[in-house]
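*Asks:* Shown below is the structure under consideration.
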Amino acid sequence: MEKIAFEWDSKKLYSKLIARKLGISSENVVVKEHIYHPYVTVYTSCGEYRVVFITDLEDKGTYIESFVKVS
């Protein structure tokens, strides 16, 4: 489980985590958050993904719980 320090800008935080997982630059990641869904949609040069993130305030970290390629 790979965690990254909490950051207030969630899109920036999610971009860093996805980029690290895929081995690409975070500049190549676009995050679209959904108000009524527990996942975010992530567009990358490697395809489109639906990702669920968990933030653990005790450990002060955020990590990927679910990572599914859509296209």
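Here's how to read the names in the structure tokens: chain A, B, ... by the order shown, residue numbers from 1 in each chain, ligand numbers from 1 in the order shown.
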Please extract the residues of chain A with a backbone DSSP assignment of strand (DSSP E) and present them as a ChimeraX atom specification.

*Replies:* /A:4-5,29-33,40-44,47-56,61-69

*Asks:* List as a PyMOL selection string the protein and nucleic acid residues near Val42 (chain A), meaning an atom at most 7 Å away when only C-alpha atoms are counted, but skip any in the same chain fewer than 5 places from it.

*Replies:* chain A and resi 29-32+48-50

*Asks:* Would you export the selected residues with C-alpha atoms as an mmCIF file, in the first residue's frame, please?

*Replies:*
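What ended up in again29.cif:
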```cif
data_model
loop_
_atom_site.group_PDB
_atom_site.id
_atom_site.type_symbol
_atom_site.label_atom_id
_atom_site.label_comp_id
_atom_site.auth_asym_id
_atom_site.auth_seq_id
_atom_site.Cartn_x
_atom_site.Cartn_y
_atom_site.Cartn_z
ATOM 1 C CA VAL A 29 -2.989 13.071 -15.553
ATOM 2 C CA VAL A 30 -6.392 14.796 -15.566
ATOM 3 C CA VAL A 31 -8.692 14.147 -12.590
ATOM 4 C CA LYS A 32 -12.466 14.626 -12.696
ATOM 5 C CA GLU A 48 -9.261 6.163 -18.566
ATOM 6 C CA TYR A 49 -9.580 4.824 -15.012
ATOM 7 C CA ARG A 50 -12.080 4.883 -12.164
#
```

*Asks:* Might you pull out every residue within 9 Å of Glu27 (chain A), with only C-alpha atoms counted and same-chain residues fewer than 4 positions away left off, and present them as a ChimeraX atom specification?

*Replies:* /A:15-16,19

*Asks:* With only C-alpha atoms as the atoms that count, which of A:Gly47, A:His34, A:Ile18, A:Lys11 lies nearest to Glu65 (chain A)?

*Replies:*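 Among A:Gly47, A:His34, A:Ile18, A:Lys11, it is A:Ile18 that comes nearest to Glu65 (chain A).
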
*Asks:* Just checking: using only C-alpha atoms, which residue out of A:Tyr43, A:Val52, A:His37, A:Asn28 ends up closest to Ile64 (chain A)?

*Replies:* A:Val52

*Asks:* If we count only C-alpha atoms, what is near Phe53 (chain A) at a cut-off of 9 Å, once residues fewer than 5 positions away on the same chain are taken out, given as a ChimeraX atom specification?

*Replies:* /A:14,38-40,62-67

*Asks:* Identify, with DSSP run on backbone atoms, the residues in chain A assigned to alpha helix (DSSP H), and express the list as a list in words.

*Replies:*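 Listing alpha helix (DSSP H) positions across chain A yields Ser10, Lys11, Lys12, Leu13, Tyr14, Ser15, Lys16, Leu17, Ile18, Ala19, Arg20, Lys21 and Leu22 of chain A.
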
*Asks:* To one decimal place in Å, what is the distance between CA of Lys12 (chain A) and CA of Ser25 (chain A)?

*Replies:* 12.0 Å

*Asks:* How far is it from CA of Trp8 (chain A) to CA of Ser71 (chain A), in Å with one decimal?

*Replies:*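 Distance reported for this atom pair: 29.0 Å.
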
*Asks:* I'd like the interatomic distance between CA of Leu22 (chain A) and CA of Glu58 (chain A), to a tenth of an Å.

*Replies:* 26.6 Å
